[in-house]
>>> print(open('final-v1.txt').read())   # compact mmCIF, C-alpha atoms and all ligand atoms
# COMPACT_ATOMS: atom_id res chain seq x y z
CA MET A 1 105.45 73.69 88.83
CA SER A 2 107.61 76.42 90.40
CA THR A 3 105.91 79.25 92.28
CA GLU A 4 106.79 81.72 89.52
CA GLU A 5 105.03 79.53 86.98
CA SER A 6 101.91 79.16 89.10
CA LYS A 7 101.60 82.91 89.67
CA GLU A 8 99.69 85.13 87.28
CA ARG A 9 101.83 87.55 85.26
CA VAL A 10 101.72 91.32 85.23
CA LEU A 11 103.46 93.62 82.82
CA SER A 12 103.55 97.37 82.63
CA GLY A 13 105.69 100.14 81.19
CA ILE A 14 106.46 103.81 81.67
CA GLN A 15 108.04 106.33 79.31
CA PRO A 16 111.32 108.04 80.22
CA THR A 17 110.25 111.28 78.57
CA HIS A 18 110.88 113.60 81.54
CA ASP A 19 113.33 114.11 84.38
CA SER A 20 110.78 112.95 86.90
CA PHE A 21 107.66 110.83 87.24
CA HIS A 22 104.68 112.68 88.73
CA LEU A 23 102.10 111.96 91.38
CA GLY A 24 99.59 110.79 88.74
CA ASN A 25 102.03 108.10 87.55
CA HIS A 26 102.63 107.08 91.15
CA LEU A 27 99.02 106.84 92.31
CA GLY A 28 97.52 105.69 89.01
CA ALA A 29 100.05 102.99 88.20
CA LEU A 30 103.37 102.69 90.01
CA ARG A 31 101.91 101.99 93.45
CA GLN A 32 100.06 99.06 91.92
CA TRP A 33 103.28 97.85 90.27
CA VAL A 34 104.90 97.67 93.69
CA ALA A 35 101.92 95.96 95.34
CA LEU A 36 101.49 93.39 92.56
CA GLN A 37 105.07 92.15 92.68
CA ASP A 38 104.24 90.34 95.94
CA THR A 39 101.45 88.29 94.41
CA HIS A 40 102.37 88.12 90.71
CA ASP A 41 105.26 87.26 88.44
CA ALA A 42 105.99 90.85 87.51
CA PHE A 43 107.66 92.36 84.42
CA TYR A 44 108.19 96.11 84.40
CA CYS A 45 109.91 98.08 81.69
CA VAL A 46 111.07 101.57 80.92
CA VAL A 47 109.79 102.03 77.39
CA ASP A 48 112.61 104.00 75.80
CA LEU A 49 111.54 103.06 72.25
CA HIS A 50 108.14 104.62 72.85
CA ALA A 51 109.93 107.75 74.06
CA LEU A 52 111.51 108.11 70.59
CA THR A 53 108.10 109.23 69.29
CA ILE A 54 108.87 112.58 70.93
CA GLU A 55 111.96 114.37 69.72
CA THR A 56 114.46 114.25 72.58
CA ASP A 57 118.09 115.19 72.98
CA PRO A 58 120.07 111.87 73.11
CA LYS A 59 121.94 112.86 76.26
CA LEU A 60 118.69 113.70 78.02
CA LEU A 61 117.02 110.47 76.94
CA HIS A 62 119.96 108.48 78.29
CA GLN A 63 119.88 110.35 81.59
CA ARG A 64 116.09 110.13 81.93
CA THR A 65 116.07 106.40 81.24
CA LEU A 66 118.48 105.78 84.12
CA ALA A 67 116.59 108.27 86.31
CA SER A 68 113.40 106.31 85.57
CA VAL A 69 115.00 103.07 86.69
CA ALA A 70 116.29 104.77 89.85
CA GLN A 71 112.81 106.12 90.63
CA LEU A 72 111.22 102.70 90.14
CA LEU A 73 113.71 101.16 92.57
CA ALA A 74 113.15 104.01 95.02
CA LEU A 75 109.39 103.47 94.82
CA GLY A 76 109.89 99.89 95.91
CA ILE A 77 110.28 97.76 92.79
CA ASN A 78 112.48 94.94 94.02
CA PRO A 79 114.66 93.61 91.20
CA THR A 80 114.98 90.19 92.81
CA GLN A 81 111.19 89.87 92.87
CA SER A 82 110.32 91.67 89.63
CA THR A 83 111.97 91.59 86.23
CA LEU A 84 112.95 95.22 85.70
CA PHE A 85 114.29 96.04 82.26
CA ILE A 86 114.65 98.51 79.43
CA GLN A 87 112.44 97.91 76.40
CA SER A 88 115.21 98.42 73.81
CA HIS A 89 117.29 95.67 75.47
CA VAL A 90 114.80 93.10 74.19
CA PRO A 91 114.60 93.27 70.37
CA ALA A 92 111.59 90.95 70.33
CA HIS A 93 109.42 93.99 71.18
CA ASN A 94 110.08 95.47 67.73
CA GLN A 95 109.87 92.09 66.05
CA LEU A 96 106.45 91.29 67.49
CA GLY A 97 105.44 94.91 66.90
CA TRP A 98 105.89 94.40 63.16
CA VAL A 99 103.86 91.18 63.17
CA LEU A 100 101.03 92.93 65.02
CA GLU A 101 101.15 95.89 62.62
CA CYS A 102 100.39 93.39 59.90
CA ILE A 103 97.14 92.34 61.57
CA THR A 104 96.01 95.83 62.67
CA GLY A 105 93.56 97.72 60.49
CA PHE A 106 94.53 101.26 59.54
CA GLY A 107 91.14 102.53 60.65
CA GLU A 108 91.49 100.67 63.92
CA ALA A 109 94.83 102.36 64.67
CA ASN A 110 93.38 105.68 63.56
CA ARG A 111 90.70 105.49 66.26
CA MET A 112 93.20 105.71 69.12
CA THR A 113 92.33 108.88 71.00
CA GLN A 114 95.83 109.43 72.41
CA PHE A 115 97.17 109.56 68.85
CA LYS A 116 94.47 112.01 67.85
CA ASP A 117 95.17 114.26 70.85
CA LYS A 118 98.94 114.18 70.51
CA SER A 119 99.02 114.59 66.73
CA GLN A 120 96.55 117.46 66.91
CA LYS A 121 98.75 119.20 69.46
CA SER A 122 101.93 118.92 67.39
CA GLY A 123 100.37 119.32 63.92
CA ALA A 124 100.49 116.93 60.93
CA ASP A 125 103.97 118.01 59.77
CA ARG A 126 105.56 117.24 63.11
CA THR A 127 103.68 113.99 63.77
CA VAL A 128 105.85 110.93 63.16
CA VAL A 129 104.65 107.54 61.94
CA GLY A 130 105.96 106.02 65.18
CA LEU A 131 103.31 107.93 67.10
CA PHE A 132 100.65 106.29 64.95
CA THR A 133 102.00 102.76 65.51
CA TYR A 134 102.80 103.48 69.19
CA PRO A 135 99.83 101.47 70.60
CA ILE A 136 100.80 98.46 68.46
CA LEU A 137 104.29 98.41 69.97
CA GLN A 138 102.59 98.68 73.36
CA ALA A 139 100.47 95.65 72.50
CA ALA A 140 103.69 93.79 71.64
CA ASP A 141 105.17 94.77 75.04
CA ILE A 142 102.23 93.14 76.77
CA LEU A 143 101.53 90.08 74.60
CA LEU A 144 105.20 89.01 74.50
CA TYR A 145 105.10 88.24 78.22
CA GLN A 146 101.73 86.49 78.22
CA ALA A 147 100.60 89.01 80.84
CA ASN A 148 97.30 88.41 82.64
CA GLN A 149 97.10 91.90 84.17
CA VAL A 150 98.34 95.30 83.07
CA PRO A 151 98.39 97.90 85.88
CA VAL A 152 97.81 101.34 84.32
CA GLY A 153 95.88 104.58 84.72
CA GLU A 154 92.61 105.34 82.96
CA ASP A 155 94.30 106.99 79.95
CA GLN A 156 95.70 103.61 78.86
CA ARG A 157 92.36 101.76 78.79
CA GLN A 158 91.90 102.07 75.03
CA HIS A 159 95.43 100.79 74.34
CA ILE A 160 94.78 97.72 76.48
CA GLU A 161 91.51 97.14 74.59
CA LEU A 162 93.46 97.23 71.32
CA THR A 163 95.98 94.77 72.80
CA ARG A 164 93.15 92.40 73.69
CA ASP A 165 91.64 92.70 70.20
CA LEU A 166 94.98 92.00 68.51
CA GLY A 167 95.74 89.04 70.80
CA GLN A 168 92.31 87.52 70.18
CA ARG A 169 92.58 88.11 66.43
CA PHE A 170 95.99 86.43 66.28
CA ASN A 171 94.78 83.48 68.35
CA SER A 172 91.74 82.94 66.19
CA ARG A 173 93.69 83.17 62.91
CA PHE A 174 96.83 81.27 63.87
CA GLY A 175 95.93 79.20 66.94
CA GLU A 176 96.17 79.85 70.70
CA THR A 177 99.42 81.78 71.15
CA PHE A 178 98.74 84.71 73.45
CA THR A 179 97.23 85.17 76.89
CA ILE A 180 94.56 87.87 76.66
CA PRO A 181 95.33 90.51 79.31
CA ASP A 182 93.02 92.57 81.49
CA ALA A 183 93.62 96.19 82.37
CA HIS A 184 94.20 96.56 86.11
CA ILE A 185 92.81 100.02 86.81
CA ILE A 186 92.10 101.25 90.34
CA LYS A 187 88.98 103.35 90.09
CA GLY A 188 89.67 105.96 92.81
CA THR A 189 93.15 106.94 91.57
CA ALA A 190 93.00 106.11 87.85
CA LYS A 191 92.92 109.78 86.87
CA ILE A 192 94.74 112.25 89.12
CA MET A 193 94.10 115.79 87.98
CA ASP A 194 96.38 118.79 87.49
CA LEU A 195 96.43 120.96 90.63
CA GLN A 196 96.10 124.18 88.62
CA ASP A 197 93.60 122.88 86.10
CA PRO A 198 91.63 120.19 87.93
CA THR A 199 89.52 119.38 84.87
CA SER A 200 92.62 118.05 83.02
CA LYS A 201 94.65 115.04 84.05
CA MET A 202 98.05 115.57 85.62
CA SER A 203 100.41 115.08 82.70
CA LYS A 204 104.10 115.20 81.89
CA SER A 205 103.28 117.27 78.83
CA ALA A 206 101.21 119.93 80.62
CA ALA A 207 101.74 123.48 79.34
CA THR A 208 102.96 124.53 82.79
CA MET A 209 104.34 122.33 85.58
CA ALA A 210 102.68 124.50 88.28
CA GLY A 211 99.97 121.90 88.84
CA VAL A 212 102.16 118.80 88.42
CA ILE A 213 103.73 117.25 91.53
CA GLU A 214 107.03 115.71 90.48
CA LEU A 215 108.71 112.96 92.48
CA MET A 216 112.17 114.42 91.92
CA ASP A 217 111.30 118.01 92.81
CA ALA A 218 112.60 119.55 96.04
CA PRO A 219 110.14 119.21 98.96
CA GLU A 220 109.61 122.97 99.26
CA ILE A 221 108.58 123.20 95.59
CA ASN A 222 106.02 120.42 95.98
CA ALA A 223 104.71 121.92 99.23
CA LYS A 224 104.24 125.25 97.47
CA LYS A 225 102.42 123.63 94.54
CA VAL A 226 99.97 121.90 96.88
CA LYS A 227 99.38 125.07 98.90
CA SER A 228 98.64 127.05 95.74
CA ALA A 229 96.34 124.42 94.21
CA MET A 230 93.33 125.85 92.37
CA THR A 231 90.09 125.55 94.35
CA ASP A 232 86.64 127.09 94.10
CA THR A 233 85.34 130.12 96.00
CA GLU A 234 83.14 128.16 98.43
CA ARG A 235 84.28 127.02 101.86
CA GLU A 236 82.93 123.53 102.33
CA ILE A 237 85.35 120.59 102.05
CA LYS A 238 83.23 118.10 100.21
CA PHE A 239 83.92 115.50 97.50
CA ASP A 240 81.97 116.59 94.42
CA GLU A 241 83.90 116.00 91.21
CA LYS A 242 81.45 117.90 89.03
CA ASN A 243 81.08 121.08 91.03
CA LYS A 244 84.27 121.02 93.10
CA PRO A 245 86.93 119.33 90.95
CA GLY A 246 89.87 121.00 92.71
CA ILE A 247 88.88 120.01 96.25
CA SER A 248 87.81 116.56 95.07
CA ASN A 249 91.23 115.98 93.51
CA LEU A 250 92.98 117.08 96.72
CA LEU A 251 90.78 114.73 98.76
CA THR A 252 91.54 111.87 96.35
CA ILE A 253 95.28 112.46 96.71
CA TYR A 254 95.03 112.85 100.49
CA SER A 255 93.04 109.66 100.83
CA ALA A 256 95.35 107.68 98.54
CA LEU A 257 98.47 108.79 100.38
CA THR A 258 97.19 108.26 103.92
CA GLY A 259 94.70 105.41 103.56
CA GLN A 260 91.97 107.50 105.23
CA SER A 261 88.65 107.32 103.45
CA ILE A 262 87.29 110.41 101.72
CA LYS A 263 84.30 110.35 104.06
CA GLN A 264 86.60 110.35 107.05
CA LEU A 265 88.54 113.30 105.63
CA GLU A 266 85.32 115.24 104.99
CA GLU A 267 84.39 114.70 108.63
CA ASN A 268 87.85 115.67 109.92
CA TYR A 269 87.78 118.88 107.90
CA SER A 270 84.22 119.87 108.61
CA GLY A 271 84.25 123.50 109.79
CA LYS A 272 87.85 123.98 108.66
CA GLY A 273 89.00 125.96 105.59
CA TYR A 274 90.66 125.05 102.29
CA GLY A 275 93.91 126.54 103.63
CA ASP A 276 94.01 123.97 106.45
CA LEU A 277 93.44 121.11 104.05
CA LYS A 278 96.13 122.31 101.64
CA LYS A 279 98.68 122.93 104.38
CA GLU A 280 98.21 119.49 105.89
CA LEU A 281 98.15 117.79 102.49
CA ALA A 282 101.42 119.57 101.61
CA ASP A 283 103.00 117.90 104.67
CA VAL A 284 101.58 114.51 103.66
CA VAL A 285 102.86 114.83 100.07
CA VAL A 286 106.34 115.89 101.22
CA GLY A 287 106.39 113.13 103.84
CA VAL A 288 105.73 110.49 101.18
CA LEU A 289 107.81 111.88 98.32
CA GLU A 290 110.94 113.15 100.05
CA PRO A 291 112.30 109.70 100.99
CA ILE A 292 111.53 108.43 97.48
CA ARG A 293 113.46 111.32 95.94
CA ASN A 294 116.40 110.80 98.32
CA SER A 295 116.50 107.10 97.58
CA ALA A 296 116.36 107.70 93.79
CA LEU A 297 119.24 110.17 94.09
CA ASP A 298 121.24 107.50 95.98
CA TYR A 299 120.59 104.91 93.27
CA LEU A 300 121.75 107.41 90.64
CA LYS A 301 125.11 107.70 92.41
CA ASP A 302 125.83 104.07 91.55
CA PRO A 303 125.31 103.61 87.80
CA ALA A 304 127.19 100.27 87.88
CA GLN A 305 124.53 98.86 90.21
CA LEU A 306 121.75 100.11 87.90
CA GLN A 307 123.50 98.54 84.90
CA SER A 308 123.83 95.23 86.69
CA ILE A 309 120.13 95.19 87.65
CA LEU A 310 119.22 96.03 84.05
CA LYS A 311 121.51 93.39 82.61
CA ASP A 312 119.91 90.74 84.75
CA GLY A 313 116.37 91.98 84.03
CA GLY A 314 117.08 92.22 80.30
CA GLN A 315 118.29 88.63 80.22
CA ARG A 316 115.25 87.32 82.08
CA ALA A 317 112.84 89.32 79.95
CA GLY A 318 114.70 88.39 76.77
CA SER A 319 114.33 84.67 77.28
CA VAL A 320 110.56 84.86 77.96
CA ALA A 321 110.09 87.17 74.97
CA ALA A 322 112.19 85.02 72.62
CA GLN A 323 110.04 81.97 73.38
CA THR A 324 106.81 83.84 72.57
CA LEU A 325 108.33 85.20 69.37
CA ARG A 326 109.38 81.71 68.25
CA ASN A 327 105.80 80.51 68.82
CA VAL A 328 104.43 83.47 66.87
CA TYR A 329 106.75 83.00 63.87
CA SER A 330 106.08 79.28 63.78
CA ALA A 331 102.30 79.76 64.03
CA MET A 332 102.43 82.15 61.06
CA GLY A 333 104.49 79.82 58.88
CA LEU A 334 107.82 81.64 58.95
CA VAL A 335 110.62 79.13 58.37
CA ALA A 336 112.93 78.74 61.38
CA ARG A 337 116.67 79.19 60.83
CA GLY A 338 117.28 75.71 62.22
P1 LIG B 1 103.03 106.94 80.65
O1 LIG B 1 104.51 106.88 80.66
O2 LIG B 1 102.39 108.14 80.06
O3 LIG B 1 102.46 106.82 82.13
C1 LIG B 1 102.83 105.78 83.01
C2 LIG B 1 101.62 105.33 83.80
O4 LIG B 1 101.08 106.41 84.57
C3 LIG B 1 99.66 106.47 84.36
N1 LIG B 1 99.24 107.87 84.49
C4 LIG B 1 98.28 108.31 85.31
N2 LIG B 1 97.49 107.67 86.20
C5 LIG B 1 96.61 108.42 86.91
N3 LIG B 1 96.49 109.76 86.77
C6 LIG B 1 97.25 110.46 85.89
N4 LIG B 1 97.13 111.77 85.77
C7 LIG B 1 98.20 109.72 85.11
N5 LIG B 1 99.10 110.07 84.16
C8 LIG B 1 99.72 108.93 83.79
C9 LIG B 1 99.47 105.93 82.95
O5 LIG B 1 98.15 105.49 82.75
C10 LIG B 1 100.49 104.82 82.90
O6 LIG B 1 99.97 103.63 83.46
N6 LIG B 1 101.68 104.04 76.86
C11 LIG B 1 102.15 104.01 78.21
C12 LIG B 1 103.48 103.29 78.39
C13 LIG B 1 103.51 101.86 77.95
C14 LIG B 1 102.85 100.77 78.57
C15 LIG B 1 103.25 99.60 77.85
C16 LIG B 1 101.98 100.66 79.65
C17 LIG B 1 104.24 101.34 76.91
N7 LIG B 1 104.07 100.00 76.86
C18 LIG B 1 102.78 98.35 78.17
C19 LIG B 1 101.50 99.38 79.97
C20 LIG B 1 101.90 98.25 79.25
C21 LIG B 1 102.34 105.44 78.67
O7 LIG B 1 102.51 106.33 77.88
O8 LIG B 1 102.43 105.61 79.99
>>> encode(input="final-v1.txt", output="structure tokens", more="lines below")
Ligand code: TYM
Amino acid sequence: MSTEESKERVLSGIQPTHDSFHLGNHLGALRQWVALQDTHDAFYCVVDLHALTIETDPKLLHQRTLASVAQLLALGINPTQSTLFIQSHVPAHNQLGWVLECITGFGEANRMTQFKDKSQKSGADRTVVGLFTYPILQAADILLYQANQVPVGEDQRQHIELTRDLGQRFNSRFGETFTIPDAHIIKGTAKIMDLQDPTSKMSKSAATMAGVIELMDAPEINAKKVKSAMTDTEREIKFDEKNKPGISNLLTIYSALTGQSIKQLEENYSGKGYGDLKKELADVVVGVLEPIRNSALDYLKDPAQLQSILKDGGQRAGSVAAQTLRNVYSAMGLVARG
């Protein structure tokens, strides 16, 4: 058995819906992607087909997809270690998606809270069917690669549960075909909050970007956002998510970026003010994000290199996916072309 075969698999995906990833994506998921590639056989994809559920200008989608790949490389995804690819390069995602749609109950799909939230926001007339079937395509992304672990933030937990249910249902109806994956969610950083509205998660679709730290923003913009983060009117720097969500979020981010424990930070800042914490955290954030931004901008200067990485990743992903799809079709009784 080769080492790749003996390693457990991970798969995860991210949508190219915006010009930049944000700090929530980084701390909730992407950091884990980078760490797991050392110990796992890793498959990571930019899910451009999922991004079609939001109306986007074609030029922008194209640009954002390449910018997403550049950011993943800048964050430390190593394309010789991990299989980095674009979802639409592997048609088996749609093919398995259809099969899974045929074993998903309508009511089951209707219970997905992300669909409810997003469709409520845009209204019934502007909600597309693709948004409804979105989690089923996500299940196909995962099951195709026989992934053991799926590193994601808290907001994806329900989608991974659905994936597990569909995989188990298929296996019990048609015979063992899929590995049943576990969500890999890191408790402390699974839900990074918006800096202006610390009771809502940091999100690409926030009404205003004032509380969203973007990886591709200029350092001075990010420093300013941290310094003007919403906090309460007290003075004490203490982790208390219920009563002090703003300060707690800043401590979470500080701790995640520096490796210092929250307790240690509380001690260091005892007797100091919120202004001190924000100023120092602004330096920490800029110190971590500026080199990532610079590196992503460098990768974007060489589109041929990005294309070559994606070609290679697409081929590797495609052959794993094609094998699973053949097994699925055969298990269901579809006649092979021969
Ligand atoms: P997406 O593109 O919205 O987000 C990418 C990853 O970032 C995590 N995340 C957060 N983590 C902590 N705090 C936050 N505020 C925060 N905001 C976002 C998300 O949980 C996610 O892990 N449906 C997925 C994309 C997808 C996928 C997949 C993921 C498609 N196929 C297969 C895993 C496996 C999504 O919309 O992620």
>>> atom_distance(input="final-v1.txt", atom1="CA of Lys227 in chain A", atom2="CA of Arg293 in chain A")
19.9 Å
>>> residues_near_ligand(input="final-v1.txt", ligand="ligand LIG 1 (chain B)", cutoff="9 Å", atoms="only C-alpha atoms and all ligand atoms", output="ChimeraX atom specification")
/A:11-17,21-30,44-51,87,134-135,137-142,150-157,159-160,183,185,189-194,200-204
>>> residues_around(input="final-v1.txt", residues="Thr127 in chain A", least_positions_apart="4", cutoff="9 Å", atoms="all atoms listed in the file", output="ChimeraX atom specification")
/A:53-54,118-120,122-123,131-132
>>> write_last_selection(input="final-v1.txt", atoms="C-alpha atoms", output="PDB file, keeping the file's coordinate frame")
ATOM      1  CA  THR A  53     108.100 109.230  69.290  1.00  0.00           C
ATOM      2  CA  ILE A  54     108.870 112.580  70.930  1.00  0.00           C
ATOM      3  CA  LYS A 118      98.940 114.180  70.510  1.00  0.00           C
ATOM      4  CA  SER A 119      99.020 114.590  66.730  1.00  0.00           C
ATOM      5  CA  GLN A 120      96.550 117.460  66.910  1.00  0.00           C
ATOM      6  CA  SER A 122     101.930 118.920  67.390  1.00  0.00           C
ATOM      7  CA  GLY A 123     100.370 119.320  63.920  1.00  0.00           C
ATOM      8  CA  LEU A 131     103.310 107.930  67.100  1.00  0.00           C
ATOM      9  CA  PHE A 132     100.650 106.290  64.950  1.00  0.00           C
TER      10      PHE A 132
END
>>> atom_distance(input="final-v1.txt", atom1="CA of Asn171 in chain A", atom2="CA of Asn148 in chain A")
15.3 Å
>>> closest_residue(input="final-v1.txt", among="A:Ser261, A:Gly314, A:Pro303, A:Leu166", to="His62 in chain A", atoms="only C-alpha atoms")
A:Pro303
>>> closest_residue(input="final-v1.txt", among="A:Lys279, A:Asp217, A:Ser20, A:Ser6", to="Ala70 in chain A", atoms="all atoms listed in the file")
A:Ser20
>>> atom_distance(input="final-v1.txt", atom1="CA of Gly130 in chain A", atom2="CA of Ser330 in chain A")
26.8 Å
>>> closest_residue(input="final-v1.txt", among="A:Leu96, A:Val320, A:Val10, A:Leu250", to="Glu280 in chain A", atoms="all atoms listed in the file")
A:Leu250
>>> residues_around(input="final-v1.txt", residues="Ala42 in chain A", least_positions_apart="6", cutoff="9 Å", atoms="only C-alpha atoms", output="ChimeraX atom specification")
/A:8-12,33,36,81-84,147
>>> closest_residue(input="final-v1.txt", among="A:Ala321, A:Ile237, A:Leu215, A:Ala336", to="Asn94 in chain A", atoms="all atoms listed in the file")
A:Ala321
>>> closest_residue(input="final-v1.txt", among="A:Ala210, A:Thr104, A:Ala67, A:Gln149", to="His184 in chain A", atoms="all atoms listed in the file")
A:Gln149
>>> residues_around(input="final-v1.txt", residues="Val69 in chain A", least_positions_apart="2", cutoff="9 Å", atoms="only C-alpha atoms", output="mmCIF file with C-alpha atoms, in the coordinates of the input")
data_model
loop_
_atom_site.group_PDB
_atom_site.id
_atom_site.type_symbol
_atom_site.label_atom_id
_atom_site.label_comp_id
_atom_site.auth_asym_id
_atom_site.auth_seq_id
_atom_site.Cartn_x
_atom_site.Cartn_y
_atom_site.Cartn_z
ATOM 1 C CA PRO A 16 111.320 108.040 80.220
ATOM 2 C CA CYS A 45 109.910 98.080 81.690
ATOM 3 C CA VAL A 46 111.070 101.570 80.920
ATOM 4 C CA ARG A 64 116.090 110.130 81.930
ATOM 5 C CA THR A 65 116.070 106.400 81.240
ATOM 6 C CA LEU A 66 118.480 105.780 84.120
ATOM 7 C CA ALA A 67 116.590 108.270 86.310
ATOM 8 C CA GLN A 71 112.810 106.120 90.630
ATOM 9 C CA LEU A 72 111.220 102.700 90.140
ATOM 10 C CA LEU A 73 113.710 101.160 92.570
ATOM 11 C CA ALA A 74 113.150 104.010 95.020
ATOM 12 C CA LEU A 84 112.950 95.220 85.700
ATOM 13 C CA PHE A 85 114.290 96.040 82.260
ATOM 14 C CA ILE A 86 114.650 98.510 79.430
ATOM 15 C CA ALA A 296 116.360 107.700 93.790
ATOM 16 C CA TYR A 299 120.590 104.910 93.270
ATOM 17 C CA LEU A 300 121.750 107.410 90.640
ATOM 18 C CA LEU A 306 121.750 100.110 87.900
ATOM 19 C CA LEU A 310 119.220 96.030 84.050
#
>>> residues_near_point(input="final-v1.txt", point="(84.8, 120.1, 93.0)", cutoff="12 Å", atoms="all atoms listed in the file", output="PyMOL selection string")
chain A and resi 193+195+197-199+230-252
>>> axis_aligned_box(input="final-v1.txt", around="range 292-295 of chain A", padding_each_side="6 Å", output="lines of an AutoDock Vina configuration file")
center_x = 114.0
center_y = 109.2
center_z = 97.1
size_x = 17.0
size_y = 16.2
size_z = 14.4
>>> closest_residue(input="final-v1.txt", among="A:Val226, A:Lys59, A:Gln158, A:Phe178", to="Asp276 in chain A", atoms="only C-alpha atoms")
A:Val226
>>> decode(input="final-v1.txt", residues="range 61-90 of chain A", atoms="C-alpha atoms", output="PDB file, in the first residue's frame")
ATOM      1  CA  LEU A  61     -16.954  34.795 -11.363  1.00  0.00           C
ATOM      2  CA  HIS A  62     -13.996  33.934 -13.582  1.00  0.00           C
ATOM      3  CA  GLN A  63     -11.761  36.424 -11.788  1.00  0.00           C
ATOM      4  CA  ARG A  64     -12.924  35.388  -8.317  1.00  0.00           C
ATOM      5  CA  THR A  65     -12.374  31.707  -9.038  1.00  0.00           C
ATOM      6  CA  LEU A  66      -8.733  32.346  -9.941  1.00  0.00           C
ATOM      7  CA  ALA A  67      -8.377  34.736  -6.983  1.00  0.00           C
ATOM      8  CA  SER A  68      -9.695  31.958  -4.729  1.00  0.00           C
ATOM      9  CA  VAL A  69      -7.077  29.535  -6.010  1.00  0.00           C
ATOM     10  CA  ALA A  70      -4.365  32.170  -5.520  1.00  0.00           C
ATOM     11  CA  GLN A  71      -5.511  32.780  -1.933  1.00  0.00           C
ATOM     12  CA  LEU A  72      -5.519  29.058  -1.143  1.00  0.00           C
ATOM     13  CA  LEU A  73      -1.943  28.752  -2.423  1.00  0.00           C
ATOM     14  CA  ALA A  74      -0.940  31.867  -0.481  1.00  0.00           C
ATOM     15  CA  LEU A  75      -2.459  30.410   2.689  1.00  0.00           C
ATOM     16  CA  GLY A  76      -0.210  27.400   2.324  1.00  0.00           C
ATOM     17  CA  ILE A  77      -2.081  24.776   0.314  1.00  0.00           C
ATOM     18  CA  ASN A  78       0.739  22.918  -1.392  1.00  0.00           C
ATOM     19  CA  PRO A  79      -0.409  21.542  -4.753  1.00  0.00           C
ATOM     20  CA  THR A  80       2.167  18.766  -4.704  1.00  0.00           C
ATOM     21  CA  GLN A  81       0.792  17.559  -1.362  1.00  0.00           C
ATOM     22  CA  SER A  82      -2.904  18.315  -1.853  1.00  0.00           C
ATOM     23  CA  THR A  83      -5.149  17.869  -4.866  1.00  0.00           C
ATOM     24  CA  LEU A  84      -6.335  21.414  -5.550  1.00  0.00           C
ATOM     25  CA  PHE A  85      -9.012  21.729  -8.206  1.00  0.00           C
ATOM     26  CA  ILE A  86     -12.066  23.505  -9.517  1.00  0.00           C
ATOM     27  CA  GLN A  87     -15.377  21.724  -9.016  1.00  0.00           C
ATOM     28  CA  SER A  88     -16.651  22.282 -12.581  1.00  0.00           C
ATOM     29  CA  HIS A  89     -13.537  20.563 -13.984  1.00  0.00           C
ATOM     30  CA  VAL A  90     -14.848  17.252 -12.659  1.00  0.00           C
TER      31      VAL A  90
END
